[in-house]
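Student: Below is model37.txt; it holds compact mmCIF, C-alpha atoms and all ligand atoms.
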# COMPACT_ATOMS: atom_id res chain seq x y z
CA MET F 199 6.57 -155.35 26.41
CA ILE F 200 3.94 -156.98 28.57
CA SER F 201 6.35 -159.49 30.11
CA SER F 202 10.10 -159.36 30.84
CA ASN F 203 10.81 -162.49 28.77
CA ILE F 204 9.79 -160.59 25.60
CA THR F 205 12.68 -158.57 24.18
CA ILE F 206 13.95 -157.12 20.92
CA GLY F 207 17.07 -158.71 19.44
CA LYS F 208 20.03 -157.00 17.76
CA ASN F 209 18.50 -157.92 14.37
CA GLY F 210 15.32 -156.03 15.31
CA HIS F 211 13.21 -159.19 15.64
CA LEU F 212 10.98 -160.02 18.58
CA TYR F 213 12.63 -162.48 20.99
CA PHE F 214 10.82 -164.69 23.48
CA GLY F 215 12.56 -166.67 26.21
CA GLY F 216 15.86 -165.77 24.56
CA GLN F 217 14.91 -167.07 21.10
CA ASP F 218 14.23 -165.23 17.84
CA THR F 219 10.50 -165.68 17.17
CA VAL F 220 10.88 -165.15 13.40
CA HIS F 221 13.41 -167.99 13.28
CA LEU F 222 11.15 -170.19 15.41
CA ALA F 223 8.30 -169.56 12.97
CA GLN F 224 10.55 -170.48 10.02
CA GLN F 225 11.91 -173.59 11.73
CA TYR F 226 8.69 -175.02 13.17
CA SER F 227 6.07 -173.35 10.95
CA THR F 228 2.95 -171.59 12.28
CA PRO F 229 0.66 -171.43 14.14
CA LEU F 230 3.13 -172.27 16.88
CA TYR F 231 2.84 -172.31 20.65
CA VAL F 232 6.15 -171.28 22.22
CA MET F 233 6.70 -172.01 25.91
CA ASP F 234 9.52 -170.41 27.89
CA GLU F 235 10.81 -173.23 30.10
CA GLU F 236 12.79 -170.97 32.43
CA ARG F 237 9.69 -168.87 33.10
CA ILE F 238 7.60 -171.93 33.93
CA ARG F 239 10.28 -173.02 36.41
CA GLU F 240 10.62 -169.52 37.90
CA ASN F 241 6.87 -169.28 38.41
CA MET F 242 6.76 -172.71 40.07
CA ARG F 243 9.72 -171.83 42.31
CA THR F 244 8.08 -168.58 43.39
CA TYR F 245 5.04 -170.48 44.67
CA ILE F 246 7.08 -173.28 46.23
CA ARG F 247 9.35 -170.82 48.05
CA ALA F 248 6.41 -168.65 49.12
CA PHE F 249 4.53 -171.59 50.64
CA ALA F 250 7.63 -173.14 52.27
CA ASP F 251 8.74 -169.81 53.77
CA HIS F 252 5.33 -168.62 54.92
CA PHE F 253 3.37 -171.80 55.70
CA GLY F 254 6.17 -174.33 56.33
CA PRO F 255 7.83 -177.14 54.37
CA GLU F 256 4.75 -179.39 54.32
CA ALA F 257 2.72 -176.76 52.43
CA ILE F 258 3.29 -177.71 48.79
CA PRO F 259 1.40 -175.82 46.07
CA CYS F 260 -0.16 -177.74 43.15
CA TYR F 261 -0.01 -176.91 39.48
CA ALA F 262 -3.59 -176.89 38.08
CA SER F 263 -2.74 -178.81 34.94
CA LYS F 264 -5.94 -177.94 33.09
CA ALA F 265 -4.24 -174.59 32.28
CA ASN F 266 -1.79 -176.37 29.96
CA CYS F 267 -1.42 -180.14 29.98
CA PHE F 268 1.34 -182.00 28.11
CA LYS F 269 3.85 -184.61 29.19
CA ARG F 270 6.87 -182.38 29.55
CA ILE F 271 5.18 -180.01 31.99
CA TYR F 272 4.61 -182.88 34.43
CA GLU F 273 8.32 -183.72 34.22
CA ILE F 274 9.10 -180.08 35.01
CA ALA F 275 6.62 -180.02 37.92
CA HIS F 276 8.21 -183.21 39.27
CA GLU F 277 11.73 -181.79 38.92
CA GLU F 278 10.68 -178.60 40.71
CA GLY F 279 8.83 -180.46 43.48
CA MET F 280 5.34 -179.18 42.74
CA ASP F 281 2.16 -181.20 43.34
CA ILE F 282 -0.44 -181.33 40.54
CA ASP F 283 -4.19 -181.03 40.10
CA VAL F 284 -5.84 -183.29 37.58
CA VAL F 285 -9.46 -183.21 36.43
CA SER F 286 -9.89 -186.19 34.12
CA SER F 287 -8.55 -189.61 33.21
CA GLY F 288 -6.82 -187.90 30.27
CA GLU F 289 -4.79 -185.64 32.54
CA ILE F 290 -4.06 -188.53 34.91
CA TYR F 291 -2.86 -190.66 32.02
CA THR F 292 -0.64 -187.86 30.67
CA ALA F 293 0.97 -187.43 34.10
CA TYR F 294 1.35 -191.21 34.46
CA LYS F 295 3.10 -191.44 31.06
CA ALA F 296 5.42 -188.64 32.17
CA ASN F 297 6.34 -190.76 35.25
CA TYR F 298 4.83 -188.20 37.59
CA PRO F 299 4.39 -189.72 41.10
CA LEU F 300 0.59 -189.72 41.31
CA ALA F 301 0.52 -189.87 45.11
CA HIS F 302 1.21 -186.14 44.71
CA ALA F 303 -1.84 -185.60 42.50
CA TRP F 304 -5.17 -184.12 43.60
CA PHE F 305 -8.17 -185.22 41.57
CA HIS F 306 -10.81 -182.53 40.95
CA SER F 307 -13.91 -182.10 38.75
CA ASN F 308 -17.54 -181.64 39.69
CA ASN F 309 -18.62 -184.91 38.10
CA LYS F 310 -16.13 -187.74 38.16
CA THR F 311 -17.44 -190.73 36.25
CA GLU F 312 -17.20 -194.29 37.61
CA GLU F 313 -14.43 -194.91 35.06
CA ASP F 314 -12.52 -191.81 36.19
CA ILE F 315 -12.76 -192.85 39.85
CA ARG F 316 -11.59 -196.39 39.14
CA PHE F 317 -8.79 -195.16 36.85
CA ALA F 318 -7.54 -192.64 39.43
CA MET F 319 -7.57 -195.23 42.24
CA TYR F 320 -5.84 -197.79 40.05
CA HIS F 321 -3.05 -195.27 39.43
CA GLY F 322 -2.78 -194.35 43.11
CA VAL F 323 -3.87 -190.71 42.91
CA GLY F 324 -3.16 -189.30 46.39
CA HIS F 325 -6.26 -187.26 47.11
CA PHE F 326 -9.68 -186.91 45.53
CA VAL F 327 -11.44 -183.58 45.90
CA ALA F 328 -15.05 -184.71 46.25
CA ASP F 329 -17.72 -182.35 44.98
CA SER F 330 -21.01 -183.87 46.16
CA VAL F 331 -22.62 -186.49 48.39
CA GLU F 332 -23.37 -188.72 45.37
CA GLU F 333 -19.70 -188.61 44.53
CA LEU F 334 -18.74 -189.55 48.09
CA ASP F 335 -20.95 -192.62 47.77
CA ALA F 336 -19.43 -193.53 44.41
CA ILE F 337 -15.88 -193.14 45.76
CA GLU F 338 -16.81 -195.21 48.83
CA ALA F 339 -18.27 -198.04 46.73
CA ILE F 340 -15.28 -198.27 44.38
CA ALA F 341 -12.71 -197.91 47.19
CA ALA F 342 -14.49 -200.77 49.02
CA GLN F 343 -14.33 -202.98 45.90
CA MET F 344 -10.64 -202.16 45.48
CA GLY F 345 -9.92 -202.74 49.15
CA ILE F 346 -8.42 -199.32 49.82
CA VAL F 347 -9.13 -196.27 51.93
CA GLN F 348 -9.16 -193.19 49.70
CA LYS F 349 -8.00 -189.86 51.11
CA ILE F 350 -10.26 -187.00 50.11
CA LEU F 351 -10.89 -183.32 50.57
CA LEU F 352 -14.44 -181.99 50.36
CA ARG F 353 -14.95 -179.09 47.99
CA LEU F 354 -16.97 -176.37 49.70
CA THR F 355 -18.33 -173.05 48.52
CA PRO F 356 -17.57 -170.28 50.97
CA GLY F 357 -20.09 -168.01 49.23
CA ILE F 358 -17.70 -165.41 47.89
CA ASP F 359 -18.05 -163.48 44.69
CA PRO F 360 -14.56 -162.33 43.71
CA HIS F 361 -15.93 -159.76 41.20
CA THR F 362 -14.07 -161.25 38.30
CA TYR F 363 -15.70 -162.41 35.09
CA GLU F 364 -18.97 -164.29 35.54
CA ALA F 365 -17.70 -167.36 33.68
CA VAL F 366 -14.90 -167.88 36.16
CA ASN F 367 -16.83 -167.19 39.40
CA THR F 368 -16.90 -170.43 41.30
CA GLY F 369 -16.90 -169.70 45.03
CA ARG F 370 -20.51 -168.52 45.23
CA VAL F 371 -23.28 -170.42 46.95
CA ASP F 372 -25.14 -170.87 43.64
CA SER F 373 -22.12 -172.40 41.85
CA LYS F 374 -22.23 -175.75 40.08
CA PHE F 375 -19.02 -176.57 41.96
CA GLY F 376 -18.77 -177.63 45.57
CA ILE F 377 -21.09 -177.88 48.54
CA ALA F 378 -22.41 -174.77 50.23
CA ILE F 379 -21.47 -173.99 53.83
CA GLU F 380 -24.26 -171.45 54.20
CA THR F 381 -27.10 -173.88 53.46
CA GLY F 382 -25.93 -176.49 55.96
CA GLN F 383 -25.24 -178.98 53.15
CA ALA F 384 -21.48 -178.91 53.82
CA TRP F 385 -22.08 -179.93 57.41
CA GLN F 386 -24.23 -182.87 56.30
CA ALA F 387 -21.59 -183.90 53.76
CA VAL F 388 -18.84 -183.89 56.43
CA ARG F 389 -20.97 -186.03 58.69
CA HIS F 390 -21.66 -188.40 55.80
CA ALA F 391 -17.98 -188.60 54.72
CA LEU F 392 -16.94 -189.44 58.27
CA SER F 393 -19.41 -192.34 58.33
CA LEU F 394 -17.90 -194.00 55.25
CA PRO F 395 -15.25 -196.64 56.12
CA HIS F 396 -13.31 -196.48 52.84
CA ILE F 397 -12.97 -192.72 52.81
CA PHE F 398 -10.57 -190.68 54.92
CA LEU F 399 -11.60 -187.03 55.14
CA ASP F 400 -8.29 -185.16 55.12
CA GLY F 401 -9.52 -181.57 54.88
CA PHE F 402 -11.36 -179.05 52.75
CA HIS F 403 -11.01 -177.28 49.45
CA CYS F 404 -12.51 -174.14 47.96
CA HIS F 405 -11.88 -172.17 44.80
CA VAL F 406 -13.23 -168.66 44.67
CA GLY F 407 -12.49 -167.90 41.04
CA SER F 408 -9.89 -167.03 38.48
CA MET F 409 -8.04 -163.83 37.57
CA VAL F 410 -8.07 -162.67 41.20
CA PHE F 411 -6.04 -159.54 41.86
CA GLY F 412 -7.37 -158.37 45.24
CA GLU F 413 -5.91 -160.71 47.83
CA ASP F 414 -8.65 -159.90 50.34
CA VAL F 415 -10.71 -162.48 48.43
CA TYR F 416 -8.43 -165.17 49.83
CA LEU F 417 -8.34 -163.54 53.27
CA ARG F 418 -12.14 -163.62 53.46
CA ALA F 419 -12.39 -167.13 52.02
CA SER F 420 -9.77 -168.39 54.48
CA GLU F 421 -11.71 -167.01 57.46
CA ILE F 422 -14.93 -168.71 56.39
CA MET F 423 -13.08 -171.97 55.75
CA LEU F 424 -11.14 -171.81 59.04
CA ASP F 425 -14.34 -171.19 61.00
CA PHE F 426 -15.80 -174.28 59.40
CA VAL F 427 -12.64 -176.34 60.05
CA ALA F 428 -12.72 -175.33 63.73
CA LYS F 429 -16.41 -176.14 64.03
CA CYS F 430 -15.97 -179.61 62.48
CA ARG F 431 -12.89 -180.37 64.56
CA ALA F 432 -14.81 -179.50 67.73
CA ALA F 433 -17.91 -181.48 66.77
CA PHE F 434 -16.36 -184.56 65.21
CA GLY F 435 -12.83 -184.69 66.63
CA CYS F 436 -11.25 -185.11 63.19
CA ALA F 437 -7.86 -183.57 62.31
CA LEU F 438 -8.75 -182.07 58.89
CA GLN F 439 -5.10 -181.41 58.22
CA PHE F 440 -5.32 -179.84 54.73
CA LEU F 441 -6.92 -176.61 53.61
CA ASP F 442 -6.68 -175.96 49.87
CA LEU F 443 -7.68 -172.43 48.87
CA GLY F 444 -7.87 -173.12 45.13
CA GLY F 445 -6.24 -171.29 42.28
CA GLY F 446 -6.69 -168.03 40.65
CA TYR F 447 -4.13 -165.25 41.04
CA GLY F 448 -4.42 -163.00 37.98
CA VAL F 449 -1.79 -162.32 35.35
CA ARG F 450 -1.07 -159.35 33.10
CA TYR F 451 -2.48 -159.68 29.60
CA VAL F 452 -2.43 -155.96 28.79
CA GLU F 453 -0.62 -152.97 30.25
CA SER F 454 -3.68 -151.81 32.21
CA ASP F 455 -3.90 -155.11 34.13
CA GLY F 456 -2.66 -155.19 37.72
CA ARG F 457 0.40 -157.03 38.94
CA VAL F 458 0.34 -159.57 41.74
CA ASP F 459 3.49 -160.12 43.77
CA ILE F 460 2.84 -163.79 44.55
CA TYR F 461 5.53 -164.13 47.21
CA SER F 462 4.26 -161.24 49.29
CA ALA F 463 0.58 -162.04 48.65
CA VAL F 464 1.14 -165.54 50.08
CA GLY F 465 3.05 -163.94 52.96
CA GLU F 466 0.11 -161.64 53.73
CA LEU F 467 -2.28 -164.57 53.56
CA ALA F 468 -0.15 -166.65 55.95
CA LYS F 469 0.09 -163.81 58.44
CA HIS F 470 -3.65 -163.31 58.32
CA MET F 471 -4.46 -167.01 58.66
CA LYS F 472 -2.05 -167.53 61.56
CA ALA F 473 -3.58 -164.58 63.41
CA TYR F 474 -7.10 -165.82 62.68
CA CYS F 475 -6.30 -169.36 63.87
CA ALA F 476 -4.91 -167.94 67.11
CA LYS F 477 -8.09 -165.89 67.53
CA ILE F 478 -10.47 -168.83 67.05
CA ASP F 479 -8.08 -171.18 68.85
CA THR F 480 -7.57 -173.87 66.21
CA PRO F 481 -4.25 -175.12 64.79
CA LEU F 482 -3.35 -173.85 61.32
CA PRO F 483 -4.00 -176.60 58.75
CA ILE F 484 -1.45 -177.41 56.04
CA VAL F 485 -2.39 -174.72 53.53
CA THR F 486 -2.12 -175.22 49.82
CA MET F 487 -3.20 -173.50 46.61
CA GLU F 488 -3.48 -174.63 43.02
CA PRO F 489 -2.37 -172.00 40.57
CA GLY F 490 -2.70 -172.74 36.86
CA ARG F 491 -2.72 -169.52 34.89
CA SER F 492 -0.06 -167.76 36.96
CA ILE F 493 2.35 -170.67 36.38
CA VAL F 494 2.08 -170.87 32.60
CA ALA F 495 0.33 -167.80 31.12
CA ASP F 496 3.32 -165.48 30.75
CA ALA F 497 5.50 -168.46 29.81
CA GLY F 498 3.56 -168.77 26.55
CA MET F 499 3.39 -166.96 23.22
CA THR F 500 1.63 -167.91 19.99
CA LEU F 501 3.16 -167.17 16.59
CA TYR F 502 1.05 -166.79 13.46
CA THR F 503 1.68 -165.95 9.83
CA VAL F 504 -0.32 -163.14 8.26
CA GLY F 505 -2.51 -164.02 5.27
CA SER F 506 -4.72 -161.28 3.92
CA VAL F 507 -4.89 -157.73 5.23
CA LYS F 508 -8.35 -156.46 4.35
CA LYS F 509 -9.06 -152.72 4.35
CA ILE F 510 -12.66 -151.52 4.16
CA PRO F 511 -12.35 -147.75 3.69
CA GLY F 512 -14.48 -145.77 6.08
CA TYR F 513 -15.18 -148.89 8.16
CA LYS F 514 -12.38 -151.04 9.49
CA ASN F 515 -9.41 -153.28 8.75
CA TYR F 516 -8.85 -156.96 9.29
CA THR F 517 -5.53 -158.79 9.69
CA SER F 518 -6.15 -162.49 9.06
CA ILE F 519 -3.75 -165.04 10.50
CA ASP F 520 -3.32 -168.78 9.96
CA GLY F 521 -4.81 -169.78 13.34
CA GLY F 522 -7.76 -168.51 15.34
CA MET F 523 -10.37 -169.69 17.83
CA THR F 524 -9.25 -173.28 17.26
CA ASP F 525 -5.92 -172.60 18.98
CA ASN F 526 -7.12 -169.71 21.19
CA PRO F 527 -10.86 -169.59 21.96
CA ARG F 528 -10.50 -167.16 24.85
CA TYR F 529 -11.69 -164.01 23.09
CA ALA F 530 -14.73 -165.86 21.76
CA LEU F 531 -15.46 -167.31 25.23
CA TYR F 532 -14.58 -164.49 27.61
CA ARG F 533 -13.74 -161.42 25.50
CA SER F 534 -10.21 -161.84 26.87
CA ARG F 535 -7.63 -159.19 26.12
CA TYR F 536 -4.15 -159.76 24.72
CA SER F 537 -1.04 -157.84 23.78
CA VAL F 538 -0.05 -158.37 20.15
CA TYR F 539 3.31 -157.69 18.45
CA HIS F 540 4.70 -157.60 14.93
CA ALA F 541 7.50 -160.16 15.29
CA ASN F 542 9.54 -158.97 12.27
CA ARG F 543 9.39 -155.26 13.12
CA PRO F 544 8.31 -154.86 16.76
CA SER F 545 9.79 -151.37 17.14
CA ALA F 546 8.30 -149.86 13.99
CA GLN F 547 5.53 -147.28 14.27
CA ALA F 548 2.31 -149.07 15.34
CA ASP F 549 -0.06 -146.94 13.27
CA PHE F 550 -2.26 -149.55 11.57
CA VAL F 551 -5.45 -150.42 13.46
CA SER F 552 -7.19 -153.69 12.66
CA ASP F 553 -9.00 -156.66 14.14
CA LEU F 554 -6.74 -159.69 14.40
CA VAL F 555 -8.94 -162.52 13.14
CA GLY F 556 -8.61 -166.24 12.50
CA ARG F 557 -9.41 -168.53 9.61
CA CYS F 558 -12.50 -170.29 11.03
CA CYS F 559 -16.00 -170.02 9.59
CA GLU F 560 -17.39 -168.04 12.50
CA SER F 561 -17.56 -164.27 12.86
CA ASP F 562 -16.55 -164.43 16.53
CA ASP F 563 -13.30 -166.01 15.43
CA ILE F 564 -11.33 -163.05 16.75
CA ILE F 565 -8.03 -163.21 18.59
CA GLN F 566 -8.18 -159.53 19.47
CA PRO F 567 -10.18 -156.63 18.07
CA HIS F 568 -8.85 -153.13 17.48
CA ILE F 569 -5.11 -153.60 17.81
CA SER F 570 -2.40 -151.23 16.66
CA LEU F 571 0.54 -152.70 14.77
CA PRO F 572 3.08 -151.64 12.16
CA GLU F 573 1.08 -152.37 8.98
CA PRO F 574 1.46 -156.12 8.36
CA LYS F 575 1.69 -157.79 4.96
CA ARG F 576 1.21 -161.35 3.82
CA GLY F 577 3.93 -163.63 5.23
CA ASP F 578 4.76 -161.47 8.28
CA ILE F 579 4.86 -163.09 11.71
CA ILE F 580 2.48 -161.91 14.42
CA ALA F 581 3.07 -162.76 18.08
CA VAL F 582 0.28 -162.93 20.66
CA ALA F 583 1.69 -162.76 24.18
CA THR F 584 0.60 -164.45 27.42
CA THR F 585 -1.03 -167.43 25.73
CA GLY F 586 0.53 -170.13 27.92
CA ALA F 587 -2.70 -170.78 29.87
CA TYR F 588 -6.01 -172.09 28.50
CA ASN F 589 -4.95 -171.96 24.85
CA TYR F 590 -3.45 -175.35 23.95
CA SER F 591 -5.62 -177.01 26.61
CA MET F 592 -8.77 -175.47 25.11
CA ALA F 593 -7.80 -175.95 21.46
CA SER F 594 -10.17 -177.75 19.10
CA ASN F 595 -10.28 -179.18 15.59
CA TYR F 596 -13.19 -177.01 14.46
CA ASN F 597 -13.19 -176.76 10.65
CA ARG F 598 -10.83 -179.78 10.77
CA ILE F 599 -7.92 -177.53 11.52
CA PRO F 600 -4.99 -179.49 13.00
CA ARG F 601 -3.76 -178.32 16.40
CA PRO F 602 -0.43 -176.43 16.38
CA ALA F 603 2.90 -177.71 17.59
CA MET F 604 4.35 -176.55 20.88
CA VAL F 605 8.03 -175.81 21.28
CA LEU F 606 9.73 -175.44 24.65
CA VAL F 607 12.57 -172.90 24.59
CA THR F 608 15.44 -171.73 26.76
CA PRO F 609 18.09 -169.23 25.63
CA GLU F 610 20.33 -172.23 24.78
CA ARG F 611 17.98 -174.65 23.06
CA CYS F 612 14.58 -175.35 21.50
CA CYS F 613 12.82 -178.64 21.93
CA LEU F 614 9.54 -179.77 20.45
CA ALA F 615 7.15 -180.66 23.31
CA VAL F 616 4.04 -181.39 21.20
CA ARG F 617 4.27 -182.12 17.50
CA ARG F 618 1.91 -180.52 15.02
CA GLU F 619 -1.20 -182.56 14.29
CA THR F 620 -1.27 -184.04 10.81
CA LEU F 621 -4.19 -184.55 8.46
CA GLU F 622 -3.90 -188.26 9.23
CA ASP F 623 -4.24 -187.50 12.98
CA LEU F 624 -7.54 -185.80 12.16
CA LEU F 625 -8.77 -188.99 10.55
CA SER F 626 -7.40 -191.37 13.15
CA ASN F 627 -10.81 -192.00 14.77
CA ASP F 628 -12.89 -192.06 11.60
CA LEU F 629 -14.05 -195.55 10.59
C1 LIG S 1 -9.32 -173.60 37.23
C2 LIG S 1 -9.00 -174.02 38.60
C3 LIG S 1 -7.75 -173.74 39.15
C4 LIG S 1 -6.72 -172.89 38.45
O1 LIG S 1 -7.16 -171.58 38.30
P1 LIG S 1 -6.18 -170.48 37.65
O2 LIG S 1 -7.00 -169.28 37.52
O3 LIG S 1 -5.72 -171.03 36.36
O4 LIG S 1 -5.04 -170.33 38.61
C5 LIG S 1 -7.47 -174.23 40.40
N1 LIG S 1 -8.38 -174.99 41.07
C6 LIG S 1 -9.58 -175.28 40.56
C7 LIG S 1 -10.50 -176.11 41.34
C8 LIG S 1 -9.93 -174.80 39.32
O5 LIG S 1 -11.14 -175.09 38.84
Would you encode the structure as structure tokens?
Tutor:
Amino acid sequence: MISSNITIGKNGHLYFGGQDTVHLAQQYSTPLYVMDEERIRENMRTYIRAFADHFGPEAIPCYASKANCFKRIYEIAHEEGMDIDVVSSGEIYTAYKANYPLAHAWFHSNNKTEEDIRFAMYHGVGHFVADSVEELDAIEAIAAQMGIVQKILLRLTPGIDPHTYEAVNTGRVDSKFGIAIETGQAWQAVRHALSLPHIFLDGFHCHVGSMVFGEDVYLRASEIMLDFVAKCRAAFGCALQFLDLGGGYGVRYVESDGRVDIYSAVGELAKHMKAYCAKIDTPLPIVTMEPGRSIVADAGMTLYTVGSVKKIPGYKNYTSIDGGMTDNPRYALYRSRYSVYHANRPSAQADFVSDLVGRCCESDDIIQPHISLPEPKRGDIIAVATTGAYNYSMASNYNRIPRPAMVLVTPERCCLAVRRETLEDLLSNDL
């Protein structure tokens, strides 16, 4: 099994987070997102403990809520003491409705609209992460109208290519995100931010990419960022107390993927940064990071019911399920890999090779090509593991397919976190 929260029960069924997945499928219907609440909490605690132990109690990691955003997860983040990243009014509103204290929220995105900025300030979002000089001016103007001073970080690009997938490379100089240090534009932006009376520049942010396994990416990024912090402190006399190194530790989707020990990776990073700060003679900022995927990915599983099993002799086989790219677009977008299980008979001989495909009118509607399973038949339950990140949050209504329900499980109980969309929901905006 790809993750330790996936087990086989005494009845031979696949269990996830201590619950029988076949029963979950019967009870809640499919497609169904299942989230293991204990695993979400464990992952959050690992980061919180790692940052507290290695960087000190003020260093609080943030959950990047774009990975999976629903009300209950903000309640969990609040209970665990984790800050949050938000990227839109929609995420801010969800957190607000979950009574999340928004002073602990950090507002990202490379193009915040006037409405977003106003909405975030109205709700008292603690920090904005500003992405451009135009945005600084927009934040300044709205903060002035509202009579507040808005704390911000500036998002910078350290110019690092983490050698992950192109679509998730964001720390390079030519990125759409952030302001480049190398070109001198970051320096100009700092100078500009410091001249604005309704903005308080509280530090810097960078995000080098997603699915990062080699921690030297963060070591190199931290050096470039610390050099820049030291240079700005010397030139402008500002404290720049926060340094946010972004998100991005990788997770295991398939057996051949690496494994990151988050606690020791953060420990290594802290050791390196402390030594580097001593070398360049600048105090260590309050360091933070914003993991999304590594908080929720392995806490999620999607359950589907098999429809047709199509065999084309001499060519290939298809196993069609009752979901697809509408609930998981990641294969279509990134050619992402997944581990797939037969939930009714996970330990039977996996000798049937097929492409696991969805029900959308699109040939790239593939969850995973070329998988080996015990031969499925109509009505069987198929489980796709590690779907807790960027599945529900990227889901769509293409083909007018309602979005699945999400159930939050512990070994003791199951609780619906998001109800299944109805046909009426699909029509709710049509006039
Ligand atoms: C996407 C993103 C994250 C989270 O990345 P993961 O790979 O999910 O950990 C964090 N910060 C920023 C700015 C992002 O864009």
Student: Have a look at F:Thr486, F:Thr500, F:Ser201, F:Asn627 and name the one nearest to ligand LIG 1 (chain S); count all atoms listed in the file.
Tutor: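 Among the listed residues, F:Thr486 lies closest to ligand LIG 1 (chain S).
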Student: What separation in Å, quoted to one decimal, exists between CA of Val464 (chain F) and CA of Gln383 (chain F)?
Tutor: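 Between these atoms lies a distance of 29.8 Å.
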Student: Mind pulling up the distance from CA of Leu438 (chain F) to CA of Glu488 (chain F)?
Tutor: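 Those two atoms sit 18.3 Å apart.
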Student: Suppose you want the space between CA of Leu441 (chain F) and CA of Leu352 (chain F); what is it in Å?
Tutor: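 So the two atoms, CA of Leu441 (chain F) and CA of Leu352 (chain F), lie 9.8 Å apart.
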Student: Taking 2 positions as the minimum chain separation for residues in the same chain, which residues sit within 9 Å of Ala530 (chain F) when counting all atoms listed in the file? Answer as an MDAnalysis selection string.
Tutor: chainID F and resid 523 526:528 532:534 562:565
Student: So, counting all atoms listed in the file, which residue among F:Cys404, F:Ile238, F:Ala603, F:Leu531 is closest to ligand LIG 1 (chain S)?
Tutor: F:Cys404
Student: Using all atoms listed in the file, give me every residue within 8 Å of (-7.0, -183.7, 54.7) in file coordinates, as a VMD selection string.
Tutor: chain F and resid 349 to 351 398 to 402 437 to 441
Student: Contacts between ligand LIG 1 (chain S) and chain F, please, where a residue of chain F counts if it comes within 8 Å (with all atoms listed in the file); show its shortest atom pair and distance in Å to one decimal, rows by chain and ascending number, as a Markdown table.
Tutor:
| residue | atom | partner | partner_atom | distance |
| --- | --- | --- | --- | --- |
| F:Tyr261 | CA | S:LIG1 | C4 | 7.9 |
| F:Ala262 | CA | S:LIG1 | C4 | 5.1 |
| F:Ser263 | CA | S:LIG1 | C4 | 8.0 |
| F:Lys264 | CA | S:LIG1 | C1 | 6.9 |
| F:Ala265 | CA | S:LIG1 | O3 | 5.6 |
| F:Asp283 | CA | S:LIG1 | N1 | 7.4 |
| F:His306 | CA | S:LIG1 | C7 | 6.4 |
| F:Ser307 | CA | S:LIG1 | C7 | 7.4 |
| F:Thr368 | CA | S:LIG1 | O5 | 7.8 |
| F:Cys404 | CA | S:LIG1 | C7 | 7.2 |
| F:His405 | CA | S:LIG1 | C7 | 5.4 |
| F:Gly407 | CA | S:LIG1 | O2 | 6.7 |
| F:Ser408 | CA | S:LIG1 | O2 | 3.8 |
| F:Met409 | CA | S:LIG1 | O2 | 5.5 |
| F:Val410 | CA | S:LIG1 | O2 | 7.6 |
| F:Gly444 | CA | S:LIG1 | N1 | 4.5 |
| F:Gly445 | CA | S:LIG1 | C5 | 3.7 |
| F:Gly446 | CA | S:LIG1 | O2 | 3.4 |
| F:Tyr447 | CA | S:LIG1 | O4 | 5.7 |
| F:Gly448 | CA | S:LIG1 | O2 | 6.8 |
| F:Met487 | CA | S:LIG1 | C5 | 7.6 |
| F:Glu488 | CA | S:LIG1 | C5 | 4.8 |
| F:Pro489 | CA | S:LIG1 | O4 | 3.7 |
| F:Gly490 | CA | S:LIG1 | O3 | 3.5 |
| F:Arg491 | CA | S:LIG1 | O3 | 3.7 |
| F:Ser492 | CA | S:LIG1 | O4 | 5.8 |
| F:Ile493 | CA | S:LIG1 | O4 | 7.7 |
| F:Ala587 | CA | S:LIG1 | O3 | 7.2 |
| F:Tyr588 | CA | S:LIG1 | O3 | 7.9 |
Student: Any idea what's packed within 12 Å of Leu625 (chain F), counting all atoms listed in the file, ignoring anything in its chain fewer than 6 positions away? Could you give it as number ranges by chain?
Tutor: F: 595, 598-600, 619
Student: Could you tell me which of F:Phe426, F:Ala463, F:Ala318, F:Glu421 comes closest to Glu380 (chain F) if we count only C-alpha atoms?
Tutor: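 Of F:Phe426, F:Ala463, F:Ala318, F:Glu421, the one nearest Glu380 (chain F), counting only C-alpha atoms, is F:Phe426.
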Student: Considering all atoms listed in the file, state which residue in the set F:Ile271, F:Ile258, F:Ile579, F:Ala495 is at the smallest distance from Ala615 (chain F).
Tutor: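 Distance minimum relative to Ala615 (chain F) lands on F:Ile271.
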Student: Report, as JSON, the axis-aligned box around all atoms of region 414-432 of chain F present in the file, extended by 8 Å on each side; give centre and edge lengths in Å to one decimal place.
Tutor:
{"center_x": -12.4, "center_y": -170.1, "center_z": 58.1, "size_x": 24.1, "size_y": 36.5, "size_z": 35.3}
Student: Pick out the closest residue to Val449 (chain F) from this set: F:His211, F:Leu554, F:Ile200, F:Ile580. Count only C-alpha atoms.
Tutor: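 Once distances to Val449 (chain F) are computed over only C-alpha atoms, the minimum belongs to F:Ile200.
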Student: Excluding Thr517 (chain F) and any residue of its chain fewer than 5 positions from it, enumerate the residues within 8 Å of it, using all atoms listed in the file, and give them as a PDB file with C-alpha atoms, in the frame of the given file.
Tutor:
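Saved file part.pdb follows:
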ATOM      1  CA  VAL F 504      -0.320-163.140   8.260  1.00  0.00           C
ATOM      2  CA  GLY F 505      -2.510-164.020   5.270  1.00  0.00           C
ATOM      3  CA  SER F 506      -4.720-161.280   3.920  1.00  0.00           C
ATOM      4  CA  VAL F 507      -4.890-157.730   5.230  1.00  0.00           C
ATOM      5  CA  LYS F 508      -8.350-156.460   4.350  1.00  0.00           C
ATOM      6  CA  SER F 552      -7.190-153.690  12.660  1.00  0.00           C
ATOM      7  CA  ASP F 553      -9.000-156.660  14.140  1.00  0.00           C
ATOM      8  CA  LEU F 554      -6.740-159.690  14.400  1.00  0.00           C
ATOM      9  CA  VAL F 555      -8.940-162.520  13.140  1.00  0.00           C
ATOM     10  CA  PRO F 574       1.460-156.120   8.360  1.00  0.00           C
TER      11      PRO F 574
END
